[in-house]
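Novice: query19.pdb is reproduced below (PDB, C-alpha atoms).
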ATOM      1  CA  MET G 234      36.944 -14.017 -14.300
ATOM      2  CA  VAL G 235      33.365 -13.735 -12.992
ATOM      3  CA  SER G 236      30.905 -13.087 -15.809
ATOM      4  CA  LEU G 237      27.184 -13.273 -16.512
ATOM      5  CA  ILE G 238      25.717 -15.980 -18.696
ATOM      6  CA  LYS G 239      22.271 -15.177 -20.086
ATOM      7  CA  TYR G 240      19.387 -17.411 -21.065
ATOM      8  CA  TYR G 241      16.029 -16.180 -22.311
ATOM      9  CA  ARG G 242      12.660 -17.928 -22.085
ATOM     10  CA  LYS G 243       9.361 -16.979 -23.669
ATOM     11  CA  PRO G 244       6.714 -16.153 -22.770
ATOM     12  CA  GLY G 245       7.858 -14.363 -19.637
ATOM     13  CA  ILE G 246       4.503 -14.369 -17.848
ATOM     14  CA  THR G 247       1.205 -16.213 -18.201
ATOM     15  CA  GLU G 248      -1.605 -15.160 -20.495
ATOM     16  CA  SER G 249      -3.689 -13.899 -17.589
ATOM     17  CA  GLN G 250      -0.730 -11.850 -16.316
ATOM     18  CA  ILE G 251      -0.177 -10.424 -19.801
ATOM     19  CA  GLU G 252      -3.850  -9.475 -19.947
ATOM     20  CA  ALA G 253      -3.589  -7.746 -16.560
ATOM     21  CA  ALA G 254      -0.381  -5.939 -17.561
ATOM     22  CA  ASN G 255      -1.961  -4.857 -20.834
ATOM     23  CA  PHE G 256      -4.952  -3.418 -18.962
ATOM     24  CA  LYS G 257      -2.675  -1.463 -16.615
ATOM     25  CA  ILE G 258      -0.597  -0.100 -19.487
ATOM     26  CA  GLN G 259      -3.664   0.960 -21.479
ATOM     27  CA  SER G 260      -4.961   2.791 -18.408
ATOM     28  CA  VAL G 261      -2.016   5.222 -18.381
ATOM     29  CA  LEU G 262      -1.918   5.858 -22.139
ATOM     30  CA  SER G 263      -3.659   8.987 -23.395
ATOM     31  CA  GLU G 264      -4.782   7.136 -26.534
ATOM     32  CA  ASN G 265      -5.175   3.529 -27.625
ATOM     33  CA  ILE G 266      -1.826   3.415 -29.420
ATOM     34  CA  MET G 267      -0.428   0.047 -28.280
ATOM     35  CA  SER G 268      -1.026  -2.798 -30.718
ATOM     36  CA  SER G 269       0.578  -5.718 -28.841
ATOM     37  CA  LEU G 270       2.471  -6.781 -25.714
ATOM     38  CA  SER G 271       5.016  -9.622 -25.649
ATOM     39  CA  THR G 272       7.169 -10.858 -22.792
ATOM     40  CA  GLU G 273      10.136 -13.032 -21.999
ATOM     41  CA  VAL G 274      12.313 -13.632 -18.965
ATOM     42  CA  CYS G 275      16.069 -13.437 -18.746
ATOM     43  CA  TYR G 276      18.168 -15.587 -16.431
ATOM     44  CA  TYR G 277      21.370 -13.823 -15.397
ATOM     45  CA  ILE G 278      23.840 -16.434 -14.194
ATOM     46  CA  GLN G 279      27.050 -15.500 -12.407
ATOM     47  CA  ALA G 280      29.704 -18.141 -12.906
ATOM     48  CA  ASP G 281      33.475 -18.413 -12.646
ATOM     49  CA  ALA G 282      33.808 -19.181 -16.349
ATOM     50  CA  GLN G 283      32.258 -17.478 -19.356
ATOM     51  CA  MET G 284      31.538 -20.814 -21.037
ATOM     52  CA  LEU G 285      29.956 -23.936 -19.609
ATOM     53  CA  SER G 286      30.734 -27.406 -20.833
ATOM     54  CA  SER G 287      28.174 -28.940 -23.170
ATOM     55  CA  GLU G 288      27.022 -31.280 -20.398
ATOM     56  CA  GLU G 289      26.675 -28.442 -17.882
ATOM     57  CA  GLU G 290      24.811 -26.313 -20.404
ATOM     58  CA  SER G 291      22.433 -29.145 -21.211
ATOM     59  CA  ILE G 292      21.590 -29.775 -17.557
ATOM     60  CA  LEU G 293      21.290 -26.054 -16.793
ATOM     61  CA  LYS G 294      18.881 -25.517 -19.696
ATOM     62  CA  TRP G 295      16.816 -28.425 -18.450
ATOM     63  CA  LEU G 296      16.698 -26.865 -14.970
ATOM     64  CA  LEU G 297      15.639 -23.461 -16.280
ATOM     65  CA  SER G 298      13.061 -24.670 -18.781
ATOM     66  CA  VAL G 299       9.379 -25.202 -18.274
ATOM     67  CA  PRO G 300       8.750 -28.978 -18.513
ATOM     68  CA  PHE G 301       8.391 -30.124 -22.134
ATOM     69  CA  GLU G 302       9.138 -26.589 -23.382
ATOM     70  CA  GLU G 303      12.934 -26.679 -23.580
ATOM     71  CA  HIS G 304      12.720 -25.241 -27.103
ATOM     72  CA  ASN G 305      11.499 -21.947 -25.632
ATOM     73  CA  LEU G 306      14.823 -21.376 -23.845
ATOM     74  CA  SER G 307      17.582 -19.675 -25.818
ATOM     75  CA  SER G 308      20.910 -17.918 -25.313
ATOM     76  CA  LYS G 309      19.620 -15.081 -27.509
ATOM     77  CA  PRO G 310      16.677 -12.754 -26.784
ATOM     78  CA  SER G 311      13.531 -13.128 -28.874
ATOM     79  CA  LEU G 312      12.349  -9.562 -28.228
ATOM     80  CA  GLN G 313      14.016  -6.697 -30.088
ATOM     81  CA  GLU G 314      13.191  -3.011 -29.870
ATOM     82  CA  ASP G 315      12.654  -0.919 -33.027
ATOM     83  CA  ASN G 316      11.208   2.474 -34.008
ATOM     84  CA  ASN G 317       7.619   1.349 -33.303
ATOM     85  CA  SER G 318       8.282  -0.410 -30.013
ATOM     86  CA  ILE G 319       9.895  -0.038 -26.621
ATOM     87  CA  LEU G 320      11.544  -2.727 -24.507
ATOM     88  CA  ILE G 321      11.178  -2.435 -20.741
ATOM     89  CA  GLU G 322      13.164  -4.826 -18.563
ATOM     90  CA  ILE G 323      12.310  -5.151 -14.874
ATOM     91  CA  GLY G 324      14.473  -7.092 -12.450
ATOM     92  CA  PRO G 325      15.346  -7.315  -8.758
ATOM     93  CA  ARG G 326      17.485  -4.673  -7.151
ATOM     94  CA  LEU G 327      21.057  -5.875  -7.188
ATOM     95  CA  ASN G 328      22.118  -4.889  -3.676
ATOM     96  CA  PHE G 329      20.841  -8.227  -2.379
ATOM     97  CA  SER G 330      20.505 -11.781  -3.639
ATOM     98  CA  THR G 331      16.880 -12.829  -3.984
ATOM     99  CA  ALA G 332      15.348 -15.949  -2.478
ATOM    100  CA  PHE G 333      14.991 -17.207  -6.053
ATOM    101  CA  SER G 334      18.750 -16.900  -6.478
ATOM    102  CA  THR G 335      19.552 -18.643  -3.198
ATOM    103  CA  ASN G 336      17.331 -21.613  -4.030
ATOM    104  CA  SER G 337      18.494 -21.817  -7.650
ATOM    105  CA  VAL G 338      22.167 -21.764  -6.684
ATOM    106  CA  ALA G 339      21.562 -24.466  -4.047
ATOM    107  CA  ILE G 340      19.970 -26.682  -6.711
ATOM    108  CA  CYS G 341      22.865 -26.060  -9.087
ATOM    109  CA  HIS G 342      25.382 -26.932  -6.390
ATOM    110  CA  SER G 343      23.525 -30.174  -5.705
ATOM    111  CA  PHE G 344      24.178 -31.027  -9.368
ATOM    112  CA  GLY G 345      27.861 -30.257  -8.903
ATOM    113  CA  PHE G 346      27.832 -26.781 -10.501
ATOM    114  CA  THR G 347      29.813 -25.196  -7.678
ATOM    115  CA  ASP G 348      31.220 -22.491  -9.968
ATOM    116  CA  ILE G 349      27.740 -20.886 -10.196
ATOM    117  CA  HIS G 350      27.326 -18.216  -7.514
ATOM    118  CA  ARG G 351      24.159 -16.287  -8.293
ATOM    119  CA  ILE G 352      21.131 -16.475 -10.591
ATOM    120  CA  GLU G 353      18.680 -13.599 -10.956
ATOM    121  CA  LEU G 354      15.550 -13.415 -13.082
ATOM    122  CA  SER G 355      14.224 -10.367 -14.941
ATOM    123  CA  THR G 356      11.076  -9.860 -17.012
ATOM    124  CA  ARG G 357      11.269  -8.122 -20.392
ATOM    125  CA  TYR G 358       8.205  -6.398 -21.862
ATOM    126  CA  LEU G 359       8.060  -5.454 -25.545
ATOM    127  CA  LEU G 360       5.372  -2.851 -26.187
ATOM    128  CA  VAL G 361       4.562  -2.462 -29.892
ATOM    129  CA  PHE G 362       2.721   0.687 -30.985
ATOM    130  CA  ASN G 363       0.690   1.635 -34.028
ATOM    131  CA  GLU G 364       2.612   3.014 -36.984
ATOM    132  CA  GLY G 365       3.497   6.657 -36.397
ATOM    133  CA  SER G 366       2.475   6.638 -32.726
ATOM    134  CA  LYS G 367       4.908   7.993 -30.185
ATOM    135  CA  LEU G 368       5.130   7.411 -26.456
ATOM    136  CA  SER G 369       5.761  10.460 -24.281
ATOM    137  CA  ARG G 370       8.406  10.359 -21.546
ATOM    138  CA  GLU G 371       5.712  10.810 -18.908
ATOM    139  CA  GLU G 372       3.737   7.857 -20.283
ATOM    140  CA  GLU G 373       6.875   5.703 -20.384
ATOM    141  CA  ASP G 374       7.675   6.535 -16.753
ATOM    142  CA  ALA G 375       4.069   5.768 -15.768
ATOM    143  CA  ILE G 376       4.197   2.383 -17.524
ATOM    144  CA  VAL G 377       7.465   1.467 -15.815
ATOM    145  CA  ALA G 378       6.008   2.463 -12.435
ATOM    146  CA  ILE G 379       2.968   0.180 -12.709
ATOM    147  CA  LEU G 380       5.004  -2.817 -13.878
ATOM    148  CA  HIS G 381       7.087  -3.204 -10.740
ATOM    149  CA  ASP G 382       7.437  -2.620  -7.022
ATOM    150  CA  ARG G 383      10.141   0.015  -6.536
ATOM    151  CA  MET G 384      11.049  -1.373  -3.123
ATOM    152  CA  THR G 385      12.324  -4.688  -4.487
ATOM    153  CA  CYS G 386      12.738  -4.154  -8.238
ATOM    154  CA  CYS G 387      14.047  -1.607 -10.712
ATOM    155  CA  ARG G 388      14.312  -1.037 -14.436
ATOM    156  CA  TYR G 389      17.379  -2.275 -16.297
ATOM    157  CA  LYS G 390      18.181   0.297 -18.979
ATOM    158  CA  SER G 391      20.408  -2.236 -20.756
ATOM    159  CA  PRO G 392      21.184  -5.944 -20.308
ATOM    160  CA  LEU G 393      23.282  -6.584 -17.221
ATOM    161  CA  THR G 394      26.952  -7.373 -17.655
ATOM    162  CA  SER G 395      27.694  -7.709 -13.952
ATOM    163  CA  PHE G 396      25.999  -7.804 -10.558
ATOM    164  CA  ASN G 397      28.495  -5.254  -9.234
ATOM    165  CA  LEU G 398      26.742  -2.008  -8.394
ATOM    166  CA  ASN G 399      29.838   0.215  -8.226
ATOM    167  CA  VAL G 400      27.953   2.492  -5.851
ATOM    168  CA  ASN G 401      29.868   4.735  -3.471
ATOM    169  CA  PRO G 402      28.559   4.233   0.068
ATOM    170  CA  GLU G 403      27.065   7.156   1.948
ATOM    171  CA  PRO G 404      29.650   8.852   4.197
ATOM    172  CA  VAL G 405      29.540   8.271   7.949
ATOM    173  CA  PHE G 406      29.539  11.510   9.934
ATOM    174  CA  GLU G 407      28.839  12.723  13.453
ATOM    175  CA  VAL G 408      25.732  14.617  14.477
ATOM    176  CA  ASP G 409      27.200  17.379  16.655
ATOM    177  CA  ILE G 410      24.892  17.161  19.659
ATOM    178  CA  ILE G 411      27.717  18.041  22.063
ATOM    179  CA  GLY G 412      28.496  21.269  20.240
ATOM    180  CA  GLU G 413      25.094  22.331  18.885
ATOM    181  CA  GLY G 414      22.688  20.567  21.215
ATOM    182  CA  GLN G 415      19.150  19.671  20.241
ATOM    183  CA  LYS G 416      19.271  21.719  17.017
ATOM    184  CA  ALA G 417      21.830  19.295  15.537
ATOM    185  CA  LEU G 418      19.517  16.334  16.067
ATOM    186  CA  GLU G 419      16.518  18.271  14.760
ATOM    187  CA  LYS G 420      18.443  19.018  11.562
ATOM    188  CA  ALA G 421      19.545  15.369  11.204
ATOM    189  CA  ASN G 422      15.965  14.280  11.786
ATOM    190  CA  LYS G 423      14.783  16.465   8.903
ATOM    191  CA  ASP G 424      17.686  15.783   6.520
ATOM    192  CA  LEU G 425      17.814  12.017   7.077
ATOM    193  CA  GLY G 426      14.057  11.418   7.404
ATOM    194  CA  LEU G 427      14.367   9.742  10.811
ATOM    195  CA  ALA G 428      10.750  10.468  11.868
ATOM    196  CA  PHE G 429      11.776  11.300  15.455
ATOM    197  CA  ASP G 430       9.049  13.047  17.429
ATOM    198  CA  ALA G 431       9.693  15.755  20.032
ATOM    199  CA  TRP G 432      10.012  13.182  22.824
ATOM    200  CA  ASP G 433      12.624  11.187  20.843
ATOM    201  CA  ILE G 434      14.706  14.266  20.080
ATOM    202  CA  ASP G 435      14.661  15.424  23.701
ATOM    203  CA  TYR G 436      15.489  11.949  25.017
ATOM    204  CA  TYR G 437      18.367  11.219  22.630
ATOM    205  CA  THR G 438      19.834  14.702  23.080
ATOM    206  CA  LYS G 439      20.071  14.129  26.830
ATOM    207  CA  LEU G 440      21.291  10.555  26.328
ATOM    208  CA  PHE G 441      24.324  11.585  24.286
ATOM    209  CA  GLN G 442      25.014  14.855  26.108
ATOM    210  CA  LYS G 443      24.819  13.590  29.690
ATOM    211  CA  LYS G 444      25.301   9.795  29.613
ATOM    212  CA  ALA G 445      27.268   8.821  26.526
ATOM    213  CA  LYS G 446      29.034  12.217  26.471
ATOM    214  CA  ARG G 447      29.800  11.942  22.785
ATOM    215  CA  ASN G 448      28.214  12.613  19.419
ATOM    216  CA  PRO G 449      26.223   9.885  17.631
ATOM    217  CA  THR G 450      26.956   9.063  14.004
ATOM    218  CA  ASN G 451      24.329   9.232  11.287
ATOM    219  CA  VAL G 452      24.401   5.408  11.234
ATOM    220  CA  GLU G 453      23.562   5.262  14.953
ATOM    221  CA  CYS G 454      20.702   7.717  14.430
ATOM    222  CA  PHE G 455      19.276   5.515  11.670
ATOM    223  CA  ASP G 456      19.544   2.485  13.955
ATOM    224  CA  LEU G 457      17.781   4.276  16.818
ATOM    225  CA  ALA G 458      15.014   5.423  14.462
ATOM    226  CA  GLN G 459      14.347   1.822  13.420
ATOM    227  CA  SER G 460      14.930  -0.206  16.576
ATOM    228  CA  ASN G 461      12.971   2.173  18.819
ATOM    229  CA  SER G 462      10.165   2.822  16.368
ATOM    230  CA  GLU G 463       6.505   2.030  17.016
ATOM    231  CA  HIS G 464       6.832  -0.890  14.608
ATOM    232  CA  SER G 465       9.566  -2.471  16.756
ATOM    233  CA  ARG G 466       8.613  -1.397  20.269
ATOM    234  CA  HIS G 467       4.803  -0.954  20.139
ATOM    235  CA  TRP G 468       4.979   2.129  22.353
ATOM    236  CA  PHE G 469       1.388   3.048  21.497
ATOM    237  CA  PHE G 470       0.059  -0.424  20.783
ATOM    238  CA  LYS G 471       1.146  -1.719  24.193
ATOM    239  CA  GLY G 472       0.757   1.588  26.028
ATOM    240  CA  ARG G 473      -1.855   2.700  28.557
ATOM    241  CA  LEU G 474      -5.187   3.345  26.893
ATOM    242  CA  VAL G 475      -7.201   6.236  28.359
ATOM    243  CA  VAL G 476     -10.744   6.756  27.037
ATOM    244  CA  ASP G 477     -12.772   9.779  28.193
ATOM    245  CA  GLY G 478     -10.416  10.254  31.119
ATOM    246  CA  LYS G 479     -10.680   6.641  32.277
ATOM    247  CA  GLU G 480      -7.864   4.129  31.836
ATOM    248  CA  TRP G 481      -8.907   1.003  29.976
ATOM    249  CA  PRO G 482      -7.910  -2.248  31.728
ATOM    250  CA  GLN G 483      -6.276  -3.659  28.582
ATOM    251  CA  SER G 484      -3.910  -2.284  25.936
ATOM    252  CA  LEU G 485      -4.817  -2.525  22.256
ATOM    253  CA  PHE G 486      -2.272  -5.303  21.937
ATOM    254  CA  LYS G 487      -3.756  -7.281  24.826
ATOM    255  CA  MET G 488      -7.279  -6.951  23.436
ATOM    256  CA  ILE G 489      -6.189  -8.457  20.120
ATOM    257  CA  MET G 490      -4.276 -11.286  21.790
ATOM    258  CA  ASP G 491      -7.198 -12.146  24.060
ATOM    259  CA  THR G 492      -9.385 -13.023  21.073
ATOM    260  CA  GLN G 493      -7.593 -16.371  21.273
ATOM    261  CA  LEU G 494      -9.421 -17.082  24.532
ATOM    262  CA  SER G 495     -12.722 -17.419  22.720
ATOM    263  CA  THR G 496     -11.557 -19.213  19.601
ATOM    264  CA  ASN G 497     -12.223 -22.871  18.819
ATOM    265  CA  ASP G 498      -9.906 -25.671  19.881
ATOM    266  CA  ASN G 499      -8.565 -26.570  16.457
ATOM    267  CA  ASN G 500      -6.663 -23.297  16.000
ATOM    268  CA  VAL G 501      -3.135 -24.145  14.835
ATOM    269  CA  ILE G 502      -1.713 -20.602  14.757
ATOM    270  CA  LYS G 503      -1.420 -18.475  17.885
ATOM    271  CA  PHE G 504      -0.962 -14.710  17.740
ATOM    272  CA  ASN G 505       2.532 -13.650  18.810
ATOM    273  CA  ASP G 506       4.292 -10.339  19.323
ATOM    274  CA  ASN G 507       6.923 -11.181  16.727
ATOM    275  CA  SER G 508       6.017 -12.906  13.473
ATOM    276  CA  ARG G 509       9.359 -14.694  13.354
ATOM    277  CA  ASP G 510       8.390 -16.507  16.564
ATOM    278  CA  LEU G 511       5.085 -17.823  15.291
ATOM    279  CA  ASN G 512       4.667 -21.511  15.931
ATOM    280  CA  LEU G 513       2.861 -23.449  13.253
ATOM    281  CA  ARG G 514       1.689 -26.786  14.575
ATOM    282  CA  ALA G 515       0.692 -29.704  12.387
ATOM    283  CA  SER G 516      -1.522 -31.208  15.093
ATOM    284  CA  GLY G 517      -5.128 -30.254  15.774
ATOM    285  CA  ASN G 518      -4.361 -28.949  19.269
ATOM    286  CA  LYS G 519      -4.225 -25.283  20.140
ATOM    287  CA  SER G 520      -0.633 -24.106  19.922
ATOM    288  CA  GLY G 521       1.304 -22.169  22.486
ATOM    289  CA  ALA G 522       3.288 -18.985  21.960
TER     290      ALA G 522
END
Please express what this file holds, its structure, as structure tokens.
Specialist:
Amino acid sequence: MVSLIKYYRKPGITESQIEAANFKIQSVLSENIMSSLSTEVCYYIQADAQMLSSEEESILKWLLSVPFEEHNLSSKPSLQEDNNSILIEIGPRLNFSTAFSTNSVAICHSFGFTDIHRIELSTRYLLVFNEGSKLSREEEDAIVAILHDRMTCCRYKSPLTSFNLNVNPEPVFEVDIIGEGQKALEKANKDLGLAFDAWDIDYYTKLFQKKAKRNPTNVECFDLAQSNSEHSRHWFFKGRLVVDGKEWPQSLFKMIMDTQLSTNDNNVIKFNDNSRDLNLRASGNKSGA
């Protein structure tokens, strides 16, 4: 049975980070009602067994602890919510394994802990308020919002018991371009937030009506919106540049790339169209693309 083993370590963030978090929290409170802020982190460990051997547990605690601070790691949380406090736990979204998890699991496997499959790390904030003070729902939501990036993290309303999301996937359906024409794609563009412009809608309507002769699915429309976007294709960035009726000899993209022609000879990073293709050279010579 796959289960989650939990270890807690305090403090969760550094003193300077606590000071910064405290400043942000105070900025959204209507009054100065918070008396203290404490933090800890929680390691959620997915393993085949609910219990580790004493040797495995000893090594794992050593791996998770800050050097010379093993006493700050515990299987029980140090922060507890009461009537005068609120506990906010922020962790990574669970629909993907983080880089932290991938590296941590690789280290565990190198120690022979092959029954460990995933390790995620959350941060727990305990906000203690003055006696009789009460936090409004709006203030609580505002505090949660400033403590994390909603793209990669979310709030855990209770300690995790599993990494399984149990989320029903969105249904796959056809956009009826064959039957309804351009109006079907215009509706999908609005409902799905595809950000197609008029040229895109006209082009893809003709593509599926006359060439593919079938309806696209909502998944295909999402893919087209991403893979043919300005971010991916640089339609504007690499396009013809006309200023005051006169075409400029270079595109915006070319002008930026040509700055390399006047740089010094010890440049070790060369601008490239795709960041994944950047070549980082250890030598002092100018690199190639």
Novice: My list of candidates is G:Ser271, G:Gly324, G:Ile340, G:Met284. Which is closest to Asp382 (chain G) when distances are computed with all atoms listed in the file?
Specialist: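 The answer is G:Gly324, which sits nearest to Asp382 (chain G).
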Novice: Could you list, as an NGL selection string, every residue matched by the PyMOL selection byres ((chain G and resi 270) around 12) in this structure?
Specialist: :G and (244-246 or 248 or 250-259 or 266-269 or 271-273 or 312 or 318-321 or 357-363)
Novice: Deliver the residues from the most recent selection as a file, using C-alpha atoms, as a PDB file, in the frame of the given file.
Specialist:
ATOM      1  CA  PRO G 244       6.714 -16.153 -22.770  1.00  0.00           C
ATOM      2  CA  GLY G 245       7.858 -14.363 -19.637  1.00  0.00           C
ATOM      3  CA  ILE G 246       4.503 -14.369 -17.848  1.00  0.00           C
ATOM      4  CA  GLU G 248      -1.605 -15.160 -20.495  1.00  0.00           C
ATOM      5  CA  GLN G 250      -0.730 -11.850 -16.316  1.00  0.00           C
ATOM      6  CA  ILE G 251      -0.177 -10.424 -19.801  1.00  0.00           C
ATOM      7  CA  GLU G 252      -3.850  -9.475 -19.947  1.00  0.00           C
ATOM      8  CA  ALA G 253      -3.589  -7.746 -16.560  1.00  0.00           C
ATOM      9  CA  ALA G 254      -0.381  -5.939 -17.561  1.00  0.00           C
ATOM     10  CA  ASN G 255      -1.961  -4.857 -20.834  1.00  0.00           C
ATOM     11  CA  PHE G 256      -4.952  -3.418 -18.962  1.00  0.00           C
ATOM     12  CA  LYS G 257      -2.675  -1.463 -16.615  1.00  0.00           C
ATOM     13  CA  ILE G 258      -0.597  -0.100 -19.487  1.00  0.00           C
ATOM     14  CA  GLN G 259      -3.664   0.960 -21.479  1.00  0.00           C
ATOM     15  CA  ILE G 266      -1.826   3.415 -29.420  1.00  0.00           C
ATOM     16  CA  MET G 267      -0.428   0.047 -28.280  1.00  0.00           C
ATOM     17  CA  SER G 268      -1.026  -2.798 -30.718  1.00  0.00           C
ATOM     18  CA  SER G 269       0.578  -5.718 -28.841  1.00  0.00           C
ATOM     19  CA  SER G 271       5.016  -9.622 -25.649  1.00  0.00           C
ATOM     20  CA  THR G 272       7.169 -10.858 -22.792  1.00  0.00           C
ATOM     21  CA  GLU G 273      10.136 -13.032 -21.999  1.00  0.00           C
ATOM     22  CA  LEU G 312      12.349  -9.562 -28.228  1.00  0.00           C
ATOM     23  CA  SER G 318       8.282  -0.410 -30.013  1.00  0.00           C
ATOM     24  CA  ILE G 319       9.895  -0.038 -26.621  1.00  0.00           C
ATOM     25  CA  LEU G 320      11.544  -2.727 -24.507  1.00  0.00           C
ATOM     26  CA  ILE G 321      11.178  -2.435 -20.741  1.00  0.00           C
ATOM     27  CA  ARG G 357      11.269  -8.122 -20.392  1.00  0.00           C
ATOM     28  CA  TYR G 358       8.205  -6.398 -21.862  1.00  0.00           C
ATOM     29  CA  LEU G 359       8.060  -5.454 -25.545  1.00  0.00           C
ATOM     30  CA  LEU G 360       5.372  -2.851 -26.187  1.00  0.00           C
ATOM     31  CA  VAL G 361       4.562  -2.462 -29.892  1.00  0.00           C
ATOM     32  CA  PHE G 362       2.721   0.687 -30.985  1.00  0.00           C
ATOM     33  CA  ASN G 363       0.690   1.635 -34.028  1.00  0.00           C
TER      34      ASN G 363
END
Novice: Starting from the point (27.1, 11.4, 15.5), work out which residues of protein, DNA or RNA have an atom no more than 10 Å away when counting all atoms listed in the file; state them as a PyMOL selection string.
Specialist: chain G and resi 405-411+417-418+421+441+447-454
Novice: On this file, the PyMOL selection byres ((chain G and resi 307) around 7) gives some set of residues; write that set as a PyMOL selection string.
Specialist: chain G and resi 240-242+305-306+308-309
Novice: Any idea what's packed within 10 Å of region 467-469 of chain G, counting all atoms listed in the file, ignoring anything in its chain fewer than 3 positions away? Could you give it as a list in words?
Specialist: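 The contact residues come out as Asn461, Ser462, Glu463, His464, Gly472, Arg473, Leu474, Ser484, Leu485, Phe486 and Asp506 of chain G.
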Novice: Quick one, how far is CA of Glu371 (chain G) from CA of Ser249 (chain G)?
Specialist: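 According to the coordinates, CA of Glu371 (chain G) and CA of Ser249 (chain G) are separated by 26.5 Å.
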Novice: On this file, the PyMOL selection byres ((chain G and resi 373) around 10) gives some set of residues; write that set as a list in words.
Specialist: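 So the PyMOL selection byres ((chain G and resi 373) around 10), applied here, picks out Ile258, Val261, Leu262, Ile319, Ile321, Leu368, Ser369, Arg370, Glu371, Glu372, Asp374, Ala375, Ile376, Val377 and Ala378 of chain G.
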Novice: Need the shell around Ile349 (chain G): protein/DNA/RNA residues with any atom at most 12 Å away, counting all atoms listed in the file. Skip same-chain ones fewer than 3 positions apart. Format as an mmCIF file with C-alpha atoms, keeping the file's coordinate frame?
Specialist:
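Result saved to around02.cif:
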data_model
loop_
_atom_site.group_PDB
_atom_site.id
_atom_site.type_symbol
_atom_site.label_atom_id
_atom_site.label_comp_id
_atom_site.auth_asym_id
_atom_site.auth_seq_id
_atom_site.Cartn_x
_atom_site.Cartn_y
_atom_site.Cartn_z
ATOM 1 C CA VAL G 235 33.365 -13.735 -12.992
ATOM 2 C CA SER G 236 30.905 -13.087 -15.809
ATOM 3 C CA LEU G 237 27.184 -13.273 -16.512
ATOM 4 C CA ILE G 238 25.717 -15.980 -18.696
ATOM 5 C CA TYR G 277 21.370 -13.823 -15.397
ATOM 6 C CA ILE G 278 23.840 -16.434 -14.194
ATOM 7 C CA GLN G 279 27.050 -15.500 -12.407
ATOM 8 C CA ALA G 280 29.704 -18.141 -12.906
ATOM 9 C CA ASP G 281 33.475 -18.413 -12.646
ATOM 10 C CA ALA G 282 33.808 -19.181 -16.349
ATOM 11 C CA GLN G 283 32.258 -17.478 -19.356
ATOM 12 C CA MET G 284 31.538 -20.814 -21.037
ATOM 13 C CA LEU G 285 29.956 -23.936 -19.609
ATOM 14 C CA GLU G 289 26.675 -28.442 -17.882
ATOM 15 C CA GLU G 290 24.811 -26.313 -20.404
ATOM 16 C CA LEU G 293 21.290 -26.054 -16.793
ATOM 17 C CA SER G 334 18.750 -16.900 -6.478
ATOM 18 C CA THR G 335 19.552 -18.643 -3.198
ATOM 19 C CA SER G 337 18.494 -21.817 -7.650
ATOM 20 C CA VAL G 338 22.167 -21.764 -6.684
ATOM 21 C CA ALA G 339 21.562 -24.466 -4.047
ATOM 22 C CA ILE G 340 19.970 -26.682 -6.711
ATOM 23 C CA CYS G 341 22.865 -26.060 -9.087
ATOM 24 C CA HIS G 342 25.382 -26.932 -6.390
ATOM 25 C CA SER G 343 23.525 -30.174 -5.705
ATOM 26 C CA PHE G 344 24.178 -31.027 -9.368
ATOM 27 C CA GLY G 345 27.861 -30.257 -8.903
ATOM 28 C CA PHE G 346 27.832 -26.781 -10.501
ATOM 29 C CA ILE G 352 21.131 -16.475 -10.591
ATOM 30 C CA GLU G 353 18.680 -13.599 -10.956
#
Novice: Which is closest to Asn328 (chain G) among G:Leu393, G:Ile489, G:Val299, G:Leu398, if we use only C-alpha atoms?
Specialist: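 Of G:Leu393, G:Ile489, G:Val299, G:Leu398, the one nearest Asn328 (chain G) is G:Leu398, counting only C-alpha atoms.
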Novice: For CA of Ser291 (chain G) and CA of Ser311 (chain G), determine how far apart the two atoms are, in Å to one decimal place.
Specialist: 19.9 Å
Novice: Rounded to one decimal place, report the CA of Ser330 (chain G)-CA of Ser460 (chain G) distance in Å.
Specialist: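 Result for CA of Ser330 (chain G) versus CA of Ser460 (chain G): 24.0 Å, one decimal.
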Novice: With only C-alpha atoms as the atoms that count, which of G:Leu354, G:Phe329, G:Asn317, G:Pro300 lies nearest to Lys239 (chain G)?
Specialist: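 Answer, going by the shortest atom-to-atom distance: G:Leu354.
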Novice: Please return the centre and edge lengths, in Å to one decimal, of a box with edges along x, y and z that contains all listed atoms of region 319-335 of chain G, widened by 3 Å on every side, as JSON.
Specialist:
{"center_x": 16.0, "center_y": -9.3, "center_z": -14.5, "size_x": 18.2, "size_y": 24.6, "size_z": 30.2}
Novice: Using all atoms listed in the file, which of the listed residues (G:Gln313, G:Ser366, G:Thr331, G:Ser298) sits closest to Asn265 (chain G)?
Specialist: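 Closest residue, counting all atoms listed in the file: G:Ser366.
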Novice: Under the rule that all atoms listed in the file are counted, which of G:Thr356, G:Ser395, G:Asn316, G:Asn336 is the nearest residue to Tyr276 (chain G)?
Specialist: G:Thr356
